[in-house]
$ cat run.txt   # compact mmCIF, C-alpha atoms
# COMPACT_ATOMS: atom_id res chain seq x y z
CA ALA A 1 91.01 132.46 127.42
CA PHE A 2 88.02 130.40 126.30
CA THR A 3 86.70 127.17 127.81
CA ALA A 4 83.79 125.11 126.50
CA GLY A 5 83.33 122.12 128.77
CA GLU A 6 84.99 119.02 127.40
CA ILE A 7 85.28 120.43 123.88
CA LEU A 8 88.22 122.81 124.25
CA GLN A 9 90.37 125.05 126.38
CA LEU A 10 91.91 127.87 124.37
CA HIS A 11 94.32 130.49 125.73
CA SER A 12 95.71 133.14 123.41
CA HIS A 13 96.92 136.70 123.29
CA LEU A 14 98.28 138.80 120.43
CA ASN A 15 99.86 142.26 120.49
CA ILE A 16 100.25 144.30 117.30
CA GLY A 17 102.73 147.17 117.50
CA VAL A 18 101.98 150.63 116.16
CA ALA A 19 105.34 150.93 114.36
CA PRO A 20 105.19 150.94 110.53
CA THR A 21 106.22 147.28 110.45
CA HIS A 22 103.45 146.34 112.93
CA PRO A 23 105.54 143.92 115.01
CA LEU A 24 103.72 140.94 116.52
CA THR A 25 104.06 139.23 119.88
CA GLY A 26 101.76 136.63 121.31
CA SER A 27 100.96 133.00 121.91
CA ILE A 28 98.33 130.37 121.21
CA LYS A 29 97.74 127.48 123.60
CA MET A 30 95.18 124.72 123.12
CA GLN A 31 94.55 122.01 125.68
CA GLN A 32 92.77 118.75 124.86
CA ILE A 33 90.52 120.12 122.13
CA ASN A 34 88.03 117.32 121.46
CA LEU A 35 87.18 117.07 117.75
CA LYS A 36 84.17 114.77 118.15
CA PRO A 37 81.61 117.52 118.92
CA LEU A 38 82.81 119.36 115.79
CA GLN A 39 81.83 116.45 113.53
CA ARG A 40 78.41 117.99 112.83
CA LEU A 41 80.20 120.93 111.20
CA VAL A 42 81.89 118.63 108.65
CA PRO A 43 79.13 116.75 106.76
CA GLN A 44 81.75 115.05 104.56
CA LEU A 45 82.85 112.98 107.57
CA GLN A 46 80.85 110.22 109.23
CA THR A 47 83.38 109.98 112.05
CA LEU A 48 85.73 112.65 113.39
CA GLN A 49 87.63 112.04 116.61
CA GLY A 50 90.87 113.12 118.23
CA LEU A 51 92.43 115.49 120.70
CA VAL A 52 94.39 118.60 119.68
CA ASN A 53 97.05 120.30 121.81
CA ALA A 54 99.15 123.30 120.83
CA ASP A 55 101.70 125.66 122.32
CA ILE A 56 102.72 128.22 119.69
CA ALA A 57 104.52 131.56 120.05
CA VAL A 58 103.83 134.34 117.54
CA ALA A 59 106.45 136.91 116.48
CA GLY A 60 107.60 138.74 113.38
CA SER A 61 105.38 141.35 111.75
CA LEU A 62 101.82 141.60 110.51
CA HIS A 63 103.11 141.18 106.96
CA GLU A 64 105.51 138.33 107.78
CA PRO A 65 104.36 136.51 110.93
CA GLN A 66 106.74 134.01 112.52
CA PHE A 67 105.63 130.97 114.51
CA SER A 68 107.48 128.65 116.86
CA GLY A 69 106.23 125.72 118.87
CA GLN A 70 104.19 122.58 118.27
CA LEU A 71 100.69 121.42 117.40
CA GLN A 72 99.69 117.80 118.00
CA LEU A 73 96.75 115.58 117.10
CA GLN A 74 96.39 112.47 119.25
CA ASP A 75 94.21 109.38 118.74
CA GLY A 76 92.57 110.69 115.59
CA GLU A 77 89.92 108.71 113.73
CA LEU A 78 88.35 109.56 110.37
CA ILE A 79 85.66 107.91 108.25
CA SER A 80 84.21 109.60 105.17
CA THR A 81 80.47 109.64 104.55
CA ASN A 82 81.18 108.38 101.02
CA ASN A 83 83.68 105.63 101.88
CA PRO A 84 83.84 103.22 104.86
CA THR A 85 87.66 103.08 104.87
CA LYS A 86 88.67 103.87 108.45
CA ILE A 87 91.77 105.83 109.40
CA GLU A 88 92.44 105.27 113.10
CA GLN A 89 95.09 105.76 115.76
CA LEU A 90 96.13 108.85 113.82
CA GLN A 91 98.98 110.79 115.44
CA LEU A 92 100.20 114.02 113.84
CA GLN A 93 102.76 116.59 114.95
CA LEU A 94 103.56 119.97 113.41
CA ALA A 95 106.73 121.72 114.60
CA PHE A 96 106.79 125.42 113.63
CA ALA A 97 109.93 127.46 112.99
CA GLY A 98 109.38 130.89 111.47
CA GLN A 99 107.49 130.52 108.20
CA HIS A 100 108.20 126.82 107.99
CA ALA A 101 106.87 123.68 109.67
CA THR A 102 107.84 120.03 109.70
CA LEU A 103 105.14 117.37 109.74
CA GLN A 104 105.31 113.84 111.11
CA GLY A 105 102.49 111.38 111.47
CA HIS A 106 101.43 107.75 111.54
CA TRP A 107 98.12 105.87 111.52
CA LYS A 108 96.42 102.51 110.98
CA MET A 109 94.07 101.36 108.24
CA GLY A 110 92.83 97.87 109.07
CA GLU A 111 95.84 95.81 110.11
CA GLY A 112 98.23 97.98 108.09
CA THR A 113 100.17 101.04 109.16
CA GLY A 114 101.08 104.25 107.36
CA GLU A 115 103.45 107.10 108.03
CA MET A 116 103.94 110.58 106.64
CA GLN A 117 106.60 113.24 107.00
CA GLY A 118 107.50 116.43 105.23
CA ASP A 119 107.94 120.19 105.19
CA ILE A 120 105.42 122.98 104.71
CA ARG A 121 106.39 126.57 103.87
CA TRP A 122 104.36 129.76 103.48
CA PRO A 123 106.63 132.68 102.43
CA ASP A 124 104.54 135.70 101.43
CA GLY A 125 101.42 133.71 102.27
CA GLN A 126 102.02 131.20 99.45
CA PHE A 127 101.81 127.64 100.74
CA THR A 128 104.26 125.11 99.29
CA GLY A 129 105.51 121.82 100.62
CA ASP A 130 106.97 118.37 100.13
CA LEU A 131 105.55 115.26 101.74
CA THR A 132 106.41 111.56 101.68
CA LEU A 133 103.76 108.95 102.38
CA ASN A 134 104.55 105.29 103.01
CA GLY A 135 102.24 102.48 103.99
CA GLN A 136 102.29 98.74 104.49
CA ALA A 137 99.20 96.59 103.83
CA LEU A 138 96.70 99.41 104.35
CA THR A 139 93.08 98.26 104.03
CA LEU A 140 91.29 100.27 101.34
CA ILE A 141 87.56 99.79 100.77
CA GLN A 142 85.76 101.02 97.66
CA PRO A 143 82.20 99.69 97.88
CA PRO A 144 80.72 97.81 96.20
CA LEU A 145 83.69 97.14 93.95
CA ALA A 146 86.83 96.35 95.93
CA ILE A 147 88.50 95.58 99.24
CA LEU A 148 92.26 95.83 98.78
CA LYS A 149 95.52 95.82 100.70
CA VAL A 150 97.70 98.66 99.42
CA SER A 151 101.29 99.62 100.17
CA PRO A 152 102.00 103.13 98.83
CA LYS A 153 105.37 104.83 98.52
CA LEU A 154 104.57 108.34 97.34
CA GLN A 155 106.24 111.74 97.17
CA LEU A 156 103.99 114.78 96.97
CA HIS A 157 104.93 118.35 96.10
CA PHE A 158 102.28 121.05 96.31
CA ALA A 159 102.21 124.72 95.46
CA PRO A 160 99.41 127.18 94.77
CA GLN A 161 97.20 125.64 92.05
CA ARG A 162 99.53 122.66 91.53
CA LEU A 163 100.02 119.15 92.95
CA ASP A 164 102.70 116.69 91.79
CA VAL A 165 102.54 113.05 92.91
CA LYS A 166 105.26 110.47 92.17
CA GLY A 167 106.02 106.98 93.40
CA SER A 168 104.48 103.53 93.44
CA VAL A 169 101.55 101.63 94.91
CA ASP A 170 101.79 97.90 95.56
CA ILE A 171 98.57 95.88 95.81
CA PRO A 172 99.65 92.50 97.20
CA SER A 173 96.14 91.15 97.84
CA GLY A 174 92.46 91.93 97.64
CA ASN A 175 89.08 91.19 96.10
CA ILE A 176 87.43 93.00 93.19
CA SER A 177 83.77 92.33 92.43
CA ILE A 178 82.21 93.70 89.24
CA MET A 179 78.52 94.31 89.81
CA GLN A 180 76.08 93.46 87.05
CA LEU A 181 73.16 95.65 86.09
CA PRO A 182 69.82 94.46 87.50
CA ASP A 183 67.38 92.68 85.18
CA GLY A 184 65.88 95.22 82.82
CA GLY A 185 68.73 97.65 83.28
CA VAL A 186 69.88 99.52 80.19
CA SER A 187 72.94 101.55 79.33
CA VAL A 188 72.77 105.33 79.45
CA SER A 189 72.02 106.88 76.08
CA GLN A 190 74.91 108.74 74.45
CA ASP A 191 72.87 111.94 74.30
CA VAL A 192 72.35 112.07 78.10
CA VAL A 193 74.09 115.05 79.73
CA PHE A 194 74.76 115.11 83.49
CA ASP A 195 74.49 118.51 85.17
CA ASP A 196 76.62 118.57 88.33
CA ALA A 197 76.40 122.25 89.19
CA VAL A 198 78.08 121.84 92.58
CA ALA A 199 81.14 120.05 91.16
CA GLU A 200 81.44 122.58 88.34
CA ALA A 201 81.27 125.47 90.80
CA GLN A 202 83.98 123.88 92.97
CA ALA A 203 86.19 123.32 89.92
CA ARG A 204 85.83 126.96 88.90
CA ALA A 205 86.49 128.20 92.43
CA THR A 206 89.53 126.04 93.16
CA PRO A 207 91.33 125.12 89.93
CA MET A 208 94.39 122.93 90.49
CA ALA A 209 96.77 121.29 88.03
CA ILE A 210 97.54 117.72 89.09
CA SER A 211 100.49 115.76 87.72
CA ALA A 212 100.74 112.06 88.64
CA ASP A 213 103.48 109.56 87.82
CA ILE A 214 102.57 106.46 89.84
CA GLY A 215 103.61 102.87 89.17
CA LEU A 216 100.95 100.28 90.05
CA ASN A 217 102.16 96.81 91.00
CA VAL A 218 99.46 94.14 91.39
CA GLY A 219 100.45 91.02 93.35
CA ASN A 220 99.30 87.46 92.72
CA LYS A 221 96.68 87.44 95.48
CA VAL A 222 94.21 89.90 93.94
CA ALA A 223 90.99 88.06 92.99
CA ILE A 224 88.43 89.33 90.48
CA ASP A 225 84.84 88.13 90.17
CA GLY A 226 82.26 89.42 87.74
CA TYR A 227 80.28 88.69 84.55
CA GLY A 228 81.15 85.00 84.85
CA LEU A 229 84.84 85.69 85.21
CA LYS A 230 86.67 84.41 88.25
CA GLY A 231 90.42 84.63 88.43
CA MET A 232 93.51 86.26 89.81
CA LEU A 233 95.13 89.51 88.67
CA SER A 234 98.83 90.36 88.59
CA GLY A 235 101.13 92.71 86.76
CA THR A 236 102.23 96.33 86.59
$ encode --input "run.txt" --output "structure tokens"
Amino acid sequence: AFTAGEILQLHSHLNIGVAPTHPLTGSIKMQQINLKPLQRLVPQLQTLQGLVNADIAVAGSLHEPQFSGQLQLQDGELISTNNPTKIEQLQLQLAFAGQHATLQGHWKMGEGTGEMQGDIRWPDGQFTGDLTLNGQALTLIQPPLAILKVSPKLQLHFAPQRLDVKGSVDIPSGNISIMQLPDGGVSVSQDVVFDDAVAEAQARATPMAISADIGLNVGNKVAIDGYGLKGMLSGT
């Protein structure tokens, strides 16, 4: 058992048998793990909040562990350091059964709500899964360019080194502002080369093929303003 004030209470035990198959028995219990103090460990997030509870039994073997039980996140809140879009009232639940888990969740973004459900599998340690994501009038902020309401209906399939995304995204309303260069600003010369060593290293370390087939439907309440142009967008 491990207790750290208001941050977490963790109780676990694990027995590994000496037989050739190394059978496993054990459990993992988490009570009211507070994510907020862990925010400093995730510099990509400006805000990280929520409480995690879990009651999971461990069985099977060292080579093929089996899990049963549940893990829950309550009252989650996330804000990226690079984007002020807030995800709040996030509730997630993972229900484990062997080498498989079902996921259900819902959250708010502005006045809109989103929900997600799906299955995650890890036979032989290879993670695969299928998720559906639906939202209604989610507030999406992309400063300084756009504040939009989006309603996604997406299906995601992931496997090692591959992600497939299909579905549609409706944008019923929003505002897009195209920023002009300041006085004296000039375009970047064609012979300028940007050296992003960090991004290149991440791409080499975690290559992933992404396939996307997404229909974009723009409603008649999306305004655009920039370079003397003011009007409304619509179309697909």
$ residues_around --input "run.txt" --residues "Lys86 of chain A" --least-positions-apart "3" --cutoff "10 Å" --atoms "all atoms listed in the file" --output "ChimeraX atom specification"
/A:47,77-80,83,89,108-110,139-141
$ atom_distance --input "run.txt" --atom1 "atom CA of Leu45 of chain A" --atom2 "atom CA of Lys149 of chain A"
22.4 Å
$ atom_distance --input "run.txt" --atom1 "atom CA of Val165 of chain A" --atom2 "atom CA of Gly114 of chain A"
17.0 Å
$ closest_residue --input "run.txt" --among "A:Gly226, A:Leu156, A:Gly135, A:Pro144" --to "Ile178 of chain A" --atoms "all atoms listed in the file"
A:Gly226
$ residues_around --input "run.txt" --residues "segment 210-217 of chain A" --least-positions-apart "4" --cutoff "10 Å" --atoms "only C-alpha atoms" --output "list in words"
Val150, Ser151, Pro152, Lys153, Leu154, Gln155, Leu156, His157, Phe158, Gln161, Arg162, Leu163, Asp164, Val165, Lys166, Gly167, Ser168, Val169, Asp170, Ile171, Pro172, Ser234, Gly235 and Thr236 of chain A
$ axis_aligned_box --input "run.txt" --around "segment 81-90 of chain A" --padding-each-side "5 Å" --output "AutoDock Vina command-line options"
--center_x 88.3 --center_y 106.4 --center_z 108.4 --size_x 25.7 --size_y 16.6 --size_z 24.7
$ closest_residue --input "run.txt" --among "A:Ser12, A:Thr132, A:Asn34, A:Thr81" --to "Asp55 of chain A" --atoms "only C-alpha atoms"
A:Ser12
$ closest_residue --input "run.txt" --among "A:Gln44, A:Gln126, A:Gln66, A:Gln49" --to "Ser27 of chain A" --atoms "all atoms listed in the file"
A:Gln66
$ closest_residue --input "run.txt" --among "A:Gln99, A:Pro160, A:Gln117, A:Val218" --to "Ser173 of chain A" --atoms "all atoms listed in the file"
A:Val218
$ atom_distance --input "run.txt" --atom1 "atom CA of Thr128 of chain A" --atom2 "atom CA of Leu103 of chain A"
13.0 Å
$ closest_residue --input "run.txt" --among "A:Leu51, A:Val42, A:Ala209, A:Leu62" --to "Pro23 of chain A" --atoms "all atoms listed in the file"
A:Leu62
$ residues_around --input "run.txt" --residues "Leu71 of chain A" --least-positions-apart "5" --cutoff "8 Å" --atoms "all atoms listed in the file" --output "list in words"
Val52, Asn53, Ala54, Asp55, Ile56, Gln93, Leu94 and Ala95 of chain A
$ closest_residue --input "run.txt" --among "A:Pro84, A:Gly26, A:Pro65, A:Gly129" --to "Gln46 of chain A" --atoms "only C-alpha atoms"
A:Pro84
$ decode --input "run.txt" --residues "segment 8-87 of chain A" --atoms "C-alpha atoms" --output "PDB file, in the first residue's frame"
ATOM      1  CA  LEU A   8      -3.311   9.125  -4.076  1.00  0.00           C
ATOM      2  CA  GLN A   9      -4.020   5.956  -2.168  1.00  0.00           C
ATOM      3  CA  LEU A  10      -2.674   2.895  -3.952  1.00  0.00           C
ATOM      4  CA  HIS A  11      -3.075  -0.704  -2.776  1.00  0.00           C
ATOM      5  CA  SER A  12      -1.642  -3.537  -4.846  1.00  0.00           C
ATOM      6  CA  HIS A  13      -0.158  -6.978  -4.616  1.00  0.00           C
ATOM      7  CA  LEU A  14       1.111  -9.361  -7.285  1.00  0.00           C
ATOM      8  CA  ASN A  15       2.213 -12.988  -6.989  1.00  0.00           C
ATOM      9  CA  ILE A  16       4.220 -14.665  -9.759  1.00  0.00           C
ATOM     10  CA  GLY A  17       4.276 -18.461  -9.658  1.00  0.00           C
ATOM     11  CA  VAL A  18       7.439 -20.481 -10.124  1.00  0.00           C
ATOM     12  CA  ALA A  19       5.827 -22.902 -12.604  1.00  0.00           C
ATOM     13  CA  PRO A  20       7.091 -22.694 -16.211  1.00  0.00           C
ATOM     14  CA  THR A  21       4.032 -20.659 -17.206  1.00  0.00           C
ATOM     15  CA  HIS A  22       4.622 -18.184 -14.334  1.00  0.00           C
ATOM     16  CA  PRO A  23       0.959 -17.847 -13.301  1.00  0.00           C
ATOM     17  CA  LEU A  24      -0.145 -14.466 -11.962  1.00  0.00           C
ATOM     18  CA  THR A  25      -2.504 -13.529  -9.155  1.00  0.00           C
ATOM     19  CA  GLY A  26      -2.996 -10.106  -7.692  1.00  0.00           C
ATOM     20  CA  SER A  27      -4.962  -6.898  -7.586  1.00  0.00           C
ATOM     21  CA  ILE A  28      -4.607  -3.158  -8.083  1.00  0.00           C
ATOM     22  CA  LYS A  29      -6.773  -0.696  -6.182  1.00  0.00           C
ATOM     23  CA  MET A  30      -6.616   3.089  -6.513  1.00  0.00           C
ATOM     24  CA  GLN A  31      -8.705   5.437  -4.410  1.00  0.00           C
ATOM     25  CA  GLN A  32      -9.308   9.070  -5.348  1.00  0.00           C
ATOM     26  CA  ILE A  33      -6.015   9.650  -7.150  1.00  0.00           C
ATOM     27  CA  ASN A  34      -5.874  13.417  -7.680  1.00  0.00           C
ATOM     28  CA  LEU A  35      -4.321  14.282 -11.061  1.00  0.00           C
ATOM     29  CA  LYS A  36      -3.811  17.992 -10.352  1.00  0.00           C
ATOM     30  CA  PRO A  37      -0.470  17.643  -8.496  1.00  0.00           C
ATOM     31  CA  LEU A  38       0.813  15.568 -11.438  1.00  0.00           C
ATOM     32  CA  GLN A  39       0.310  18.451 -13.879  1.00  0.00           C
ATOM     33  CA  ARG A  40       3.912  19.624 -13.432  1.00  0.00           C
ATOM     34  CA  LEU A  41       5.056  16.295 -14.892  1.00  0.00           C
ATOM     35  CA  VAL A  42       3.156  16.949 -18.147  1.00  0.00           C
ATOM     36  CA  PRO A  43       4.448  20.245 -19.618  1.00  0.00           C
ATOM     37  CA  GLN A  44       2.177  19.825 -22.658  1.00  0.00           C
ATOM     38  CA  LEU A  45      -0.846  20.534 -20.433  1.00  0.00           C
ATOM     39  CA  GLN A  46      -1.722  23.866 -18.862  1.00  0.00           C
ATOM     40  CA  THR A  47      -4.503  22.265 -16.833  1.00  0.00           C
ATOM     41  CA  LEU A  48      -4.833  18.667 -15.649  1.00  0.00           C
ATOM     42  CA  GLN A  49      -7.536  17.751 -13.164  1.00  0.00           C
ATOM     43  CA  GLY A  50      -9.599  14.732 -12.213  1.00  0.00           C
ATOM     44  CA  LEU A  51      -9.916  11.846  -9.810  1.00  0.00           C
ATOM     45  CA  VAL A  52      -8.975   8.262 -10.701  1.00  0.00           C
ATOM     46  CA  ASN A  53     -10.386   5.155  -9.021  1.00  0.00           C
ATOM     47  CA  ALA A  54      -9.623   1.555  -9.925  1.00  0.00           C
ATOM     48  CA  ASP A  55     -10.343  -1.958  -8.706  1.00  0.00           C
ATOM     49  CA  ILE A  56      -8.611  -4.458 -10.994  1.00  0.00           C
ATOM     50  CA  ALA A  57      -7.820  -8.150 -10.487  1.00  0.00           C
ATOM     51  CA  VAL A  58      -4.785  -9.670 -12.206  1.00  0.00           C
ATOM     52  CA  ALA A  59      -4.650 -13.305 -13.388  1.00  0.00           C
ATOM     53  CA  GLY A  60      -3.331 -15.334 -16.299  1.00  0.00           C
ATOM     54  CA  SER A  61       0.401 -15.735 -16.828  1.00  0.00           C
ATOM     55  CA  LEU A  62       3.429 -13.500 -17.096  1.00  0.00           C
ATOM     56  CA  HIS A  63       3.330 -13.943 -20.873  1.00  0.00           C
ATOM     57  CA  GLU A  64      -0.438 -13.456 -21.188  1.00  0.00           C
ATOM     58  CA  PRO A  65      -1.757 -11.436 -18.241  1.00  0.00           C
ATOM     59  CA  GLN A  66      -5.525 -11.223 -17.761  1.00  0.00           C
ATOM     60  CA  PHE A  67      -7.306  -8.283 -16.145  1.00  0.00           C
ATOM     61  CA  SER A  68     -10.815  -7.871 -14.775  1.00  0.00           C
ATOM     62  CA  GLY A  69     -12.438  -4.922 -13.081  1.00  0.00           C
ATOM     63  CA  GLN A  70     -12.846  -1.212 -13.721  1.00  0.00           C
ATOM     64  CA  LEU A  71     -10.885   2.024 -13.904  1.00  0.00           C
ATOM     65  CA  GLN A  72     -12.693   5.359 -13.740  1.00  0.00           C
ATOM     66  CA  LEU A  73     -11.796   9.002 -14.283  1.00  0.00           C
ATOM     67  CA  GLN A  74     -14.197  11.488 -12.709  1.00  0.00           C
ATOM     68  CA  ASP A  75     -14.509  15.257 -13.220  1.00  0.00           C
ATOM     69  CA  GLY A  76     -11.562  15.473 -15.586  1.00  0.00           C
ATOM     70  CA  GLU A  77     -10.417  18.776 -17.064  1.00  0.00           C
ATOM     71  CA  LEU A  78      -7.750  19.307 -19.730  1.00  0.00           C
ATOM     72  CA  ILE A  79      -6.286  22.395 -21.390  1.00  0.00           C
ATOM     73  CA  SER A  80      -3.247  22.203 -23.659  1.00  0.00           C
ATOM     74  CA  THR A  81      -0.414  24.701 -23.328  1.00  0.00           C
ATOM     75  CA  ASN A  82      -0.657  25.266 -27.095  1.00  0.00           C
ATOM     76  CA  ASN A  83      -4.438  25.609 -27.385  1.00  0.00           C
ATOM     77  CA  PRO A  84      -7.011  27.194 -25.024  1.00  0.00           C
ATOM     78  CA  THR A  85      -9.787  24.750 -25.972  1.00  0.00           C
ATOM     79  CA  LYS A  86     -11.067  23.367 -22.668  1.00  0.00           C
ATOM     80  CA  ILE A  87     -12.264  19.811 -22.158  1.00  0.00           C
TER      81      ILE A  87
END
